[in-house]
file entry_2.cif (mmCIF, C-alpha atoms and all ligand atoms)
data_protein
loop_
_atom_site.group_PDB
_atom_site.id
_atom_site.type_symbol
_atom_site.label_atom_id
_atom_site.label_comp_id
_atom_site.auth_asym_id
_atom_site.auth_seq_id
_atom_site.Cartn_x
_atom_site.Cartn_y
_atom_site.Cartn_z
ATOM 1 C CA MET A 28 -34.122 146.249 -145.886
ATOM 2 C CA ALA A 29 -36.232 145.058 -142.981
ATOM 3 C CA ARG A 30 -36.759 141.298 -142.643
ATOM 4 C CA ILE A 31 -39.031 138.965 -140.665
ATOM 5 C CA THR A 32 -36.799 136.630 -138.700
ATOM 6 C CA ALA A 33 -39.290 134.766 -136.488
ATOM 7 C CA GLY A 34 -42.899 134.259 -135.473
ATOM 8 C CA VAL A 35 -44.118 133.788 -131.921
ATOM 9 C CA ALA A 36 -47.577 132.700 -130.840
ATOM 10 C CA THR A 37 -48.884 132.736 -127.310
ATOM 11 C CA SER A 38 -52.087 132.810 -125.293
ATOM 12 C CA HIS A 39 -52.670 136.096 -123.457
ATOM 13 C CA VAL A 40 -54.557 135.016 -120.307
ATOM 14 C CA PRO A 41 -55.059 138.160 -118.161
ATOM 15 C CA ALA A 42 -54.621 136.219 -114.897
ATOM 16 C CA ILE A 43 -51.006 135.490 -115.908
ATOM 17 C CA GLY A 44 -50.411 139.249 -116.011
ATOM 18 C CA ALA A 45 -51.984 139.623 -112.579
ATOM 19 C CA ALA A 46 -49.868 136.745 -111.213
ATOM 20 C CA ILE A 47 -46.656 138.394 -112.496
ATOM 21 C CA ASP A 48 -47.664 141.881 -111.274
ATOM 22 C CA LEU A 49 -48.650 140.624 -107.802
ATOM 23 C CA GLY A 50 -45.453 138.588 -107.296
ATOM 24 C CA ARG A 51 -47.289 135.236 -107.546
ATOM 25 C CA SER A 52 -45.221 133.731 -110.395
ATOM 26 C CA GLY A 53 -43.642 131.271 -107.961
ATOM 27 C CA ASP A 54 -47.002 129.885 -106.776
ATOM 28 C CA ASP A 55 -47.547 126.160 -107.451
ATOM 29 C CA TYR A 56 -50.339 127.048 -109.879
ATOM 30 C CA TRP A 57 -48.350 129.564 -111.977
ATOM 31 C CA ARG A 58 -44.789 128.194 -111.797
ATOM 32 C CA PRO A 59 -45.314 125.542 -114.537
ATOM 33 C CA VAL A 60 -47.014 128.098 -116.807
ATOM 34 C CA LEU A 61 -44.156 130.575 -116.586
ATOM 35 C CA ALA A 62 -41.535 127.813 -116.806
ATOM 36 C CA GLY A 63 -42.960 127.002 -120.232
ATOM 37 C CA TYR A 64 -41.759 130.399 -121.461
ATOM 38 C CA GLU A 65 -38.214 130.197 -120.121
ATOM 39 C CA TRP A 66 -36.867 128.806 -123.391
ATOM 40 C CA ALA A 67 -38.367 131.704 -125.370
ATOM 41 C CA ARG A 68 -37.178 134.268 -122.815
ATOM 42 C CA ARG A 69 -33.585 133.048 -123.207
ATOM 43 C CA TRP A 70 -33.933 132.793 -127.001
ATOM 44 C CA ILE A 71 -35.233 136.343 -127.406
ATOM 45 C CA ALA A 72 -32.772 137.844 -124.900
ATOM 46 C CA ALA A 73 -29.911 136.307 -126.920
ATOM 47 C CA SER A 74 -31.092 137.934 -130.135
ATOM 48 C CA PRO A 75 -33.837 140.515 -129.618
ATOM 49 C CA PRO A 76 -35.566 141.843 -132.740
ATOM 50 C CA ASP A 77 -35.707 145.593 -133.354
ATOM 51 C CA VAL A 78 -39.468 145.575 -133.751
ATOM 52 C CA VAL A 79 -42.366 143.230 -132.990
ATOM 53 C CA VAL A 80 -45.486 143.437 -135.154
ATOM 54 C CA LEU A 81 -47.775 142.293 -132.371
ATOM 55 C CA VAL A 82 -51.151 140.942 -133.496
ATOM 56 C CA TYR A 83 -53.623 140.952 -130.634
ATOM 57 C CA ASN A 84 -57.222 141.761 -129.803
ATOM 58 C CA ASP A 85 -58.569 144.559 -127.698
ATOM 59 C CA HIS A 86 -61.152 143.291 -125.180
ATOM 60 C CA ALA A 87 -63.429 146.344 -125.280
ATOM 61 C CA SER A 88 -60.807 148.215 -123.191
ATOM 62 C CA ALA A 89 -59.443 150.725 -125.715
ATOM 63 C CA PHE A 90 -62.106 150.721 -128.412
ATOM 64 C CA SER A 91 -65.307 150.076 -126.372
ATOM 65 C CA LEU A 92 -68.205 148.503 -128.198
ATOM 66 C CA GLU A 93 -69.050 151.779 -129.951
ATOM 67 C CA VAL A 94 -66.308 151.541 -132.558
ATOM 68 C CA ILE A 95 -65.013 148.134 -133.613
ATOM 69 C CA PRO A 96 -62.410 148.073 -136.390
ATOM 70 C CA THR A 97 -61.959 144.659 -137.968
ATOM 71 C CA PHE A 98 -58.229 145.295 -138.406
ATOM 72 C CA ALA A 99 -56.390 148.295 -136.945
ATOM 73 C CA ILE A 100 -52.736 149.343 -136.857
ATOM 74 C CA GLY A 101 -51.186 151.482 -134.134
ATOM 75 C CA CYS A 102 -49.042 154.261 -135.636
ATOM 76 C CA ALA A 103 -48.420 156.216 -132.402
ATOM 77 C CA GLU A 104 -45.062 156.881 -130.701
ATOM 78 C CA THR A 105 -46.263 155.280 -127.456
ATOM 79 C CA PHE A 106 -49.122 153.085 -126.227
ATOM 80 C CA GLU A 107 -50.072 153.193 -122.535
ATOM 81 C CA PRO A 108 -51.409 150.138 -120.655
ATOM 82 C CA ALA A 109 -55.224 150.249 -120.671
ATOM 83 C CA ASP A 110 -57.363 150.390 -117.560
ATOM 84 C CA GLU A 111 -59.207 147.062 -117.722
ATOM 85 C CA GLY A 112 -61.329 147.652 -114.633
ATOM 86 C CA PHE A 113 -58.722 147.229 -111.875
ATOM 87 C CA GLY A 114 -56.476 150.050 -113.089
ATOM 88 C CA PRO A 115 -53.759 149.773 -115.740
ATOM 89 C CA ARG A 116 -51.153 147.009 -115.323
ATOM 90 C CA PRO A 117 -47.938 148.350 -113.723
ATOM 91 C CA VAL A 118 -45.877 147.687 -116.859
ATOM 92 C CA PRO A 119 -43.824 150.130 -118.939
ATOM 93 C CA PRO A 120 -45.451 152.049 -121.780
ATOM 94 C CA VAL A 121 -45.085 150.303 -125.132
ATOM 95 C CA GLU A 122 -42.870 152.223 -127.581
ATOM 96 C CA GLY A 123 -44.169 152.151 -131.144
ATOM 97 C CA HIS A 124 -42.328 152.442 -134.455
ATOM 98 C CA PRO A 125 -44.369 155.075 -136.311
ATOM 99 C CA ASP A 126 -42.242 154.955 -139.488
ATOM 100 C CA LEU A 127 -42.585 151.196 -139.911
ATOM 101 C CA ALA A 128 -46.241 151.264 -138.833
ATOM 102 C CA CYS A 129 -47.104 153.986 -141.376
ATOM 103 C CA HIS A 130 -45.187 152.120 -144.054
ATOM 104 C CA ILE A 131 -47.094 148.891 -143.291
ATOM 105 C CA ALA A 132 -50.390 150.829 -143.295
ATOM 106 C CA GLN A 133 -49.606 152.367 -146.680
ATOM 107 C CA SER A 134 -48.319 149.133 -148.185
ATOM 108 C CA VAL A 135 -51.184 146.871 -147.053
ATOM 109 C CA ILE A 136 -53.927 149.446 -147.767
ATOM 110 C CA LEU A 137 -52.611 149.924 -151.316
ATOM 111 C CA ASP A 138 -52.456 146.104 -151.408
ATOM 112 C CA GLU A 139 -56.250 146.211 -150.717
ATOM 113 C CA PHE A 140 -56.292 145.358 -146.994
ATOM 114 C CA ASP A 141 -58.162 148.262 -145.448
ATOM 115 C CA LEU A 142 -56.667 148.673 -141.966
ATOM 116 C CA THR A 143 -57.969 151.354 -139.625
ATOM 117 C CA VAL A 144 -55.119 153.723 -138.756
ATOM 118 C CA ILE A 145 -55.004 154.430 -135.016
ATOM 119 C CA ASN A 146 -52.876 157.361 -133.874
ATOM 120 C CA LYS A 147 -53.797 157.100 -130.194
ATOM 121 C CA MET A 148 -54.768 154.018 -128.215
ATOM 122 C CA ASP A 149 -54.141 152.161 -124.984
ATOM 123 C CA VAL A 150 -53.230 148.472 -125.051
ATOM 124 C CA ASP A 151 -54.771 145.801 -122.831
ATOM 125 C CA HIS A 152 -53.725 142.318 -121.649
ATOM 126 C CA GLY A 153 -54.029 141.016 -125.219
ATOM 127 C CA LEU A 154 -50.758 142.848 -125.922
ATOM 128 C CA THR A 155 -49.119 143.368 -122.531
ATOM 129 C CA VAL A 156 -49.357 139.773 -121.237
ATOM 130 C CA PRO A 157 -47.399 138.350 -124.213
ATOM 131 C CA MET A 158 -44.792 141.116 -123.610
ATOM 132 C CA SER A 159 -44.493 140.067 -119.955
ATOM 133 C CA LEU A 160 -44.257 136.378 -120.881
ATOM 134 C CA LEU A 161 -41.360 136.978 -123.275
ATOM 135 C CA PHE A 162 -39.549 139.844 -121.510
ATOM 136 C CA GLY A 163 -40.396 139.512 -117.806
ATOM 137 C CA GLN A 164 -40.525 142.727 -115.769
ATOM 138 C CA PRO A 165 -37.979 145.173 -117.233
ATOM 139 C CA GLU A 166 -37.831 148.927 -116.516
ATOM 140 C CA ALA A 167 -38.497 149.514 -120.219
ATOM 141 C CA TRP A 168 -39.506 147.013 -122.928
ATOM 142 C CA PRO A 169 -36.424 146.058 -124.978
ATOM 143 C CA VAL A 170 -38.201 146.238 -128.371
ATOM 144 C CA ARG A 171 -40.422 148.601 -130.259
ATOM 145 C CA VAL A 172 -43.903 147.381 -131.145
ATOM 146 C CA VAL A 173 -46.301 147.879 -134.031
ATOM 147 C CA PRO A 174 -49.681 146.827 -132.608
ATOM 148 C CA VAL A 175 -52.133 145.217 -135.037
ATOM 149 C CA ALA A 176 -55.543 144.868 -133.408
ATOM 150 C CA VAL A 177 -58.085 142.358 -134.727
ATOM 151 C CA ASN A 178 -61.760 142.203 -133.854
ATOM 152 C CA VAL A 179 -62.522 138.770 -132.407
ATOM 153 C CA VAL A 180 -64.948 140.079 -129.775
ATOM 154 C CA GLN A 181 -68.020 141.152 -131.732
ATOM 155 C CA TYR A 182 -69.478 138.981 -134.515
ATOM 156 C CA PRO A 183 -68.403 138.872 -137.352
ATOM 157 C CA PRO A 184 -64.651 138.490 -136.865
ATOM 158 C CA PRO A 185 -62.481 138.178 -139.991
ATOM 159 C CA THR A 186 -62.000 134.694 -141.452
ATOM 160 C CA GLY A 187 -58.838 132.709 -140.846
ATOM 161 C CA ASN A 188 -58.152 132.909 -144.565
ATOM 162 C CA ARG A 189 -58.387 136.707 -144.538
ATOM 163 C CA CYS A 190 -56.060 136.825 -141.536
ATOM 164 C CA TYR A 191 -53.541 134.584 -143.291
ATOM 165 C CA ALA A 192 -53.640 136.780 -146.404
ATOM 166 C CA LEU A 193 -53.137 139.888 -144.246
ATOM 167 C CA GLY A 194 -50.040 138.215 -142.791
ATOM 168 C CA GLU A 195 -48.739 137.693 -146.322
ATOM 169 C CA ALA A 196 -49.384 141.389 -147.080
ATOM 170 C CA ILE A 197 -47.579 142.438 -143.874
ATOM 171 C CA ALA A 198 -44.592 140.351 -144.996
ATOM 172 C CA ARG A 199 -44.528 142.188 -148.345
ATOM 173 C CA ALA A 200 -44.734 145.495 -146.472
ATOM 174 C CA VAL A 201 -41.859 144.655 -144.113
ATOM 175 C CA ALA A 202 -39.697 143.420 -147.001
ATOM 176 C CA SER A 203 -40.096 146.795 -148.748
ATOM 177 C CA PHE A 204 -39.191 148.937 -145.695
ATOM 178 C CA PRO A 205 -35.785 150.444 -146.485
ATOM 179 C CA GLU A 206 -34.334 150.425 -142.951
ATOM 180 C CA ASP A 207 -32.196 147.515 -141.773
ATOM 181 C CA LEU A 208 -34.477 146.003 -139.094
ATOM 182 C CA ASP A 209 -35.039 142.556 -137.597
ATOM 183 C CA VAL A 210 -38.783 142.128 -137.227
ATOM 184 C CA HIS A 211 -40.804 139.482 -135.416
ATOM 185 C CA VAL A 212 -44.489 138.879 -135.987
ATOM 186 C CA TRP A 213 -46.405 137.635 -132.955
ATOM 187 C CA GLY A 214 -49.895 136.133 -132.936
ATOM 188 C CA THR A 215 -51.680 136.083 -129.592
ATOM 189 C CA GLY A 216 -54.840 134.756 -127.954
ATOM 190 C CA GLY A 217 -56.276 131.215 -127.904
ATOM 191 C CA MET A 218 -56.037 128.378 -127.472
ATOM 192 C CA SER A 219 -59.370 126.665 -126.755
ATOM 193 C CA HIS A 220 -61.442 128.549 -124.191
ATOM 194 C CA GLN A 221 -64.975 129.701 -123.572
ATOM 195 C CA LEU A 222 -65.689 132.282 -120.894
ATOM 196 C CA GLN A 223 -69.479 132.280 -120.786
ATOM 197 C CA GLY A 224 -72.662 130.267 -121.224
ATOM 198 C CA PRO A 225 -73.327 126.586 -120.540
ATOM 199 C CA ARG A 226 -69.999 125.535 -122.093
ATOM 200 C CA ALA A 227 -67.882 127.962 -120.007
ATOM 201 C CA GLY A 228 -64.592 126.265 -119.124
ATOM 202 C CA LEU A 229 -64.420 124.273 -122.360
ATOM 203 C CA ILE A 230 -60.916 123.022 -123.249
ATOM 204 C CA ASN A 231 -60.197 120.805 -126.277
ATOM 205 C CA ARG A 232 -56.680 119.338 -126.146
ATOM 206 C CA GLU A 233 -57.183 117.335 -129.331
ATOM 207 C CA PHE A 234 -58.192 120.380 -131.377
ATOM 208 C CA ASP A 235 -55.358 122.463 -129.899
ATOM 209 C CA GLY A 236 -52.756 119.767 -130.618
ATOM 210 C CA ALA A 237 -53.929 119.430 -134.221
ATOM 211 C CA PHE A 238 -53.906 123.235 -134.610
ATOM 212 C CA LEU A 239 -50.280 123.382 -133.409
ATOM 213 C CA ASP A 240 -49.272 120.570 -135.796
ATOM 214 C CA ARG A 241 -51.069 122.106 -138.766
ATOM 215 C CA LEU A 242 -49.641 125.563 -138.066
ATOM 216 C CA VAL A 243 -46.306 124.093 -139.136
ATOM 217 C CA SER A 244 -47.254 121.415 -141.651
ATOM 218 C CA ASP A 245 -50.647 122.347 -143.118
ATOM 219 C CA PRO A 246 -51.167 126.130 -143.062
ATOM 220 C CA GLU A 247 -53.083 125.950 -146.354
ATOM 221 C CA GLY A 248 -55.650 123.622 -144.767
ATOM 222 C CA LEU A 249 -55.680 125.520 -141.469
ATOM 223 C CA ARG A 250 -56.516 128.859 -143.082
ATOM 224 C CA ARG A 251 -59.745 127.308 -144.453
ATOM 225 C CA ILE A 252 -61.238 126.376 -141.053
ATOM 226 C CA PRO A 253 -64.637 128.129 -140.847
ATOM 227 C CA HIS A 254 -65.760 130.130 -137.825
ATOM 228 C CA ILE A 255 -68.297 127.483 -136.827
ATOM 229 C CA GLU A 256 -65.517 124.928 -136.378
ATOM 230 C CA TYR A 257 -63.565 127.222 -134.022
ATOM 231 C CA LEU A 258 -66.763 127.863 -132.098
ATOM 232 C CA ARG A 259 -67.772 124.217 -131.876
ATOM 233 C CA GLU A 260 -64.323 122.763 -131.186
ATOM 234 C CA ALA A 261 -62.358 125.553 -129.454
ATOM 235 C CA GLY A 262 -65.167 127.458 -127.705
ATOM 236 C CA SER A 263 -66.393 130.991 -128.304
ATOM 237 C CA GLU A 264 -63.072 132.636 -127.345
ATOM 238 C CA GLY A 265 -61.110 130.003 -129.278
ATOM 239 C CA ILE A 266 -61.804 132.242 -132.287
ATOM 240 C CA GLU A 267 -58.840 134.309 -131.018
ATOM 241 C CA LEU A 268 -56.733 131.677 -132.825
ATOM 242 C CA VAL A 269 -57.372 133.362 -136.186
ATOM 243 C CA MET A 270 -54.789 135.926 -135.016
ATOM 244 C CA TRP A 271 -52.121 133.204 -135.043
ATOM 245 C CA LEU A 272 -52.784 132.859 -138.772
ATOM 246 C CA ILE A 273 -51.666 136.460 -139.411
ATOM 247 C CA MET A 274 -48.320 135.538 -137.847
ATOM 248 C CA ARG A 275 -48.200 132.288 -139.836
ATOM 249 C CA GLY A 276 -49.072 133.988 -143.125
ATOM 250 C CA ALA A 277 -46.252 136.478 -142.560
ATOM 251 C CA LEU A 278 -43.616 133.710 -142.322
ATOM 252 C CA GLY A 279 -44.030 132.243 -145.823
ATOM 253 C CA PRO A 280 -44.891 128.691 -146.864
ATOM 254 C CA ASP A 281 -42.234 126.798 -144.892
ATOM 255 C CA VAL A 282 -41.270 127.162 -141.264
ATOM 256 C CA ARG A 283 -39.154 125.399 -138.684
ATOM 257 C CA GLU A 284 -40.651 124.882 -135.213
ATOM 258 C CA LEU A 285 -38.108 125.975 -132.620
ATOM 259 C CA ARG A 286 -40.297 125.639 -129.545
ATOM 260 C CA ARG A 287 -43.724 124.365 -128.514
ATOM 261 C CA PHE A 288 -45.420 124.550 -125.115
ATOM 262 C CA TYR A 289 -48.945 123.522 -124.146
ATOM 263 C CA HIS A 290 -50.380 123.673 -120.641
ATOM 264 C CA VAL A 291 -53.684 123.308 -118.830
ATOM 265 C CA PRO A 292 -54.855 124.784 -116.446
ATOM 266 C CA ALA A 293 -54.329 128.540 -116.583
ATOM 267 C CA SER A 294 -57.415 130.477 -115.582
ATOM 268 C CA ASN A 295 -60.043 129.377 -118.135
ATOM 269 C CA THR A 296 -57.694 128.906 -121.055
ATOM 270 C CA ALA A 297 -55.518 126.222 -122.576
ATOM 271 C CA VAL A 298 -52.149 127.971 -122.844
ATOM 272 C CA GLY A 299 -50.353 127.392 -126.142
ATOM 273 C CA HIS A 300 -47.049 128.868 -127.252
ATOM 274 C CA VAL A 301 -44.838 128.299 -130.287
ATOM 275 C CA VAL A 302 -41.742 129.874 -131.789
ATOM 276 C CA LEU A 303 -41.357 129.488 -135.556
ATOM 277 C CA GLU A 304 -38.622 130.490 -137.946
ATOM 278 C CA PRO A 305 -39.113 131.051 -141.686
ATOM 279 C CA VAL A 306 -37.216 128.574 -143.896
ATOM 280 C CA GLY A 307 -35.850 129.741 -147.228
HETATM 281 C C1 LIG B 401 -59.321 134.613 -120.072
HETATM 282 C C2 LIG B 401 -58.720 134.423 -121.311
HETATM 283 C C3 LIG B 401 -58.737 135.430 -122.270
HETATM 284 O O1 LIG B 401 -58.206 135.287 -123.522
HETATM 285 C C4 LIG B 401 -59.306 136.660 -121.964
HETATM 286 O O2 LIG B 401 -59.215 137.631 -122.887
HETATM 287 C C5 LIG B 401 -59.924 136.868 -120.734
HETATM 288 C C6 LIG B 401 -59.922 135.846 -119.784
HETATM 289 C C7 LIG B 401 -59.303 133.531 -119.048
HETATM 290 O O3 LIG B 401 -58.779 132.461 -119.318
HETATM 291 O O4 LIG B 401 -59.779 133.752 -117.945
HETATM 292 FE FE FE B 402 -58.623 137.081 -124.823
#
call {"tool": "encode", "arguments": {"input": "entry_2.cif", "output": "structure tokens"}}
result
Amino acid sequence: MARITAGVATSHVPAIGAAIDLGRSGDDYWRPVLAGYEWARRWIAASPPDVVVLVYNDHASAFSLEVIPTFAIGCAETFEPADEGFGPRPVPPVEGHPDLACHIAQSVILDEFDLTVINKMDVDHGLTVPMSLLFGQPEAWPVRVVPVAVNVVQYPPPTGNRCYALGEAIARAVASFPEDLDVHVWGTGGMSHQLQGPRAGLINREFDGAFLDRLVSDPEGLRRIPHIEYLREAGSEGIELVMWLIMRGALGPDVRELRRFYHVPASNTAVGHVVLEPVG
């Protein structure tokens, strides 16, 4: 049977992707950001999963604002990098796992989580920047990916509680997939950031630190945080953090924290990154 062996969370700042693609990773500004991922790069290279269920948000690149699924699952063979305005990132295409993706879609939909099934889509920095952070610049990505896209762009996004429960349903789906596969679940986006309006540039280290602590020790409390609290404390784009709760819900009640990294500045975002392992 397939099993979930780890959860990874990371911010997905597009400027990090640009820095890597343009050969600027060694710049004074970016070196400390990328150094924060070295531990995870070694860890995942030592024991790569077969598949990553990668929870991310599309930034009106693949879906536009005409069609906005709350939750969507990518069942295609391949996902190409999206053109985000400056052309697609020069990264390899992302290979899907249609059998696992279709199984998860069937399992969670019959479990009453109505995902939109997507058989063709491009993937933007929300997905490709976390891939670059964990895998660097390979010729081909070393894992297959089941993209799970979450609307956090257009009000109303799903609640943290709903996201957590979806993670639990994804775990049930993976556990009932008959192939012998190691699966990771990644949650991306966050941490505190606001890209527009009078509070543009907002960073809240205290909120972010508490979120990282509670992700391990108080997921039941964390899943109850209302939207208004994310907005007030973590800024308008801080709502991306609900995607981390899908990853957390998929790991079960108890986890061990293997790695934590937090860094400011990186573009307009507080960069947060954790690696968690299910216990029991
Ligand atoms: C930035 C962060 C994001 O999450 C995003 O989607 C776009 C821009 C930023 O920090 O600039
Ligand atoms: Fe974003």
call {"tool": "closest_residue", "arguments": {"input": "entry_2.cif", "among": "A:Thr105, A:Ser294, A:Asn84, A:Thr32", "to": "ligand FE 402 (chain B)", "atoms": "only C-alpha atoms and all ligand atoms"}}
result
A:Asn84
call {"tool": "closest_residue", "arguments": {"input": "entry_2.cif", "among": "A:Phe288, A:Phe90, A:Tyr83, A:Tyr56", "to": "ligand LIG 401 (chain B)", "atoms": "only C-alpha atoms and all ligand atoms"}}
result
A:Tyr83
call {"tool": "resolve_selection", "arguments": {"input": "entry_2.cif", "expression": "the PyMOL selection byres (((chain A and resi 88) around 10) and not hetatm)", "output": "JSON, numbers by chain"}}
result
{"A": [84, 85, 86, 87, 89, 90, 91, 92, 108, 109, 110, 111, 112, 148, 149, 150, 151, 152]}
call {"tool": "residues_around", "arguments": {"input": "entry_2.cif", "residues": "Gln223 of chain A", "least_positions_apart": "2", "cutoff": "12 Å", "atoms": "only C-alpha atoms", "output": "ChimeraX atom specification"}}
result
/A:220-221,225-229,262-264,295
call {"tool": "residues_around", "arguments": {"input": "entry_2.cif", "residues": "segment 171-183 of chain A", "least_positions_apart": "6", "cutoff": "7 Å", "atoms": "all atoms listed in the file", "output": "NGL selection string"}}
result
:A and (77-86 or 95-101 or 121-124 or 128 or 266-267)
call {"tool": "resolve_selection", "arguments": {"input": "entry_2.cif", "expression": "the PyMOL selection byres (((not hetatm)) within 6 of (chain B and resi 401))", "output": "list in words"}}
result
His39, Val40, Pro41, Gly216, Ser294, Asn295 and Thr296 of chain A
call {"tool": "write_last_selection", "arguments": {"input": "entry_2.cif", "atoms": "C-alpha atoms", "output": "PDB file, in the frame of the given file"}}
result
ATOM      1  CA  HIS A  39     -52.670 136.096-123.457  1.00  0.00           C
ATOM      2  CA  VAL A  40     -54.557 135.016-120.307  1.00  0.00           C
ATOM      3  CA  PRO A  41     -55.059 138.160-118.161  1.00  0.00           C
ATOM      4  CA  GLY A 216     -54.840 134.756-127.954  1.00  0.00           C
ATOM      5  CA  SER A 294     -57.415 130.477-115.582  1.00  0.00           C
ATOM      6  CA  ASN A 295     -60.043 129.377-118.135  1.00  0.00           C
ATOM      7  CA  THR A 296     -57.694 128.906-121.055  1.00  0.00           C
TER       8      THR A 296
END
call {"tool": "atom_distance", "arguments": {"input": "entry_2.cif", "atom1": "atom CA of Pro75 of chain A", "atom2": "atom CA of Ile136 of chain A"}}
result
28.5 Å
call {"tool": "residues_around", "arguments": {"input": "entry_2.cif", "residues": "Asp48 of chain A", "least_positions_apart": "5", "cutoff": "12 Å", "atoms": "only C-alpha atoms", "output": "ChimeraX atom specification"}}
result
/A:41-43,53,115-119,155-156,159-160,163-165
call {"tool": "write_last_selection", "arguments": {"input": "entry_2.cif", "atoms": "C-alpha atoms", "output": "PDB file, in the frame of the given file"}}
result
ATOM      1  CA  PRO A  41     -55.059 138.160-118.161  1.00  0.00           C
ATOM      2  CA  ALA A  42     -54.621 136.219-114.897  1.00  0.00           C
ATOM      3  CA  ILE A  43     -51.006 135.490-115.908  1.00  0.00           C
ATOM      4  CA  GLY A  53     -43.642 131.271-107.961  1.00  0.00           C
ATOM      5  CA  PRO A 115     -53.759 149.773-115.740  1.00  0.00           C
ATOM      6  CA  ARG A 116     -51.153 147.009-115.323  1.00  0.00           C
ATOM      7  CA  PRO A 117     -47.938 148.350-113.723  1.00  0.00           C
ATOM      8  CA  VAL A 118     -45.877 147.687-116.859  1.00  0.00           C
ATOM      9  CA  PRO A 119     -43.824 150.130-118.939  1.00  0.00           C
ATOM     10  CA  THR A 155     -49.119 143.368-122.531  1.00  0.00           C
ATOM     11  CA  VAL A 156     -49.357 139.773-121.237  1.00  0.00           C
ATOM     12  CA  SER A 159     -44.493 140.067-119.955  1.00  0.00           C
ATOM     13  CA  LEU A 160     -44.257 136.378-120.881  1.00  0.00           C
ATOM     14  CA  GLY A 163     -40.396 139.512-117.806  1.00  0.00           C
ATOM     15  CA  GLN A 164     -40.525 142.727-115.769  1.00  0.00           C
ATOM     16  CA  PRO A 165     -37.979 145.173-117.233  1.00  0.00           C
TER      17      PRO A 165
END
call {"tool": "closest_residue", "arguments": {"input": "entry_2.cif", "among": "A:Ile197, A:Leu249, A:Ala293, A:Leu161", "to": "Ser219 of chain A", "atoms": "all atoms listed in the file"}}
result
A:Ala293
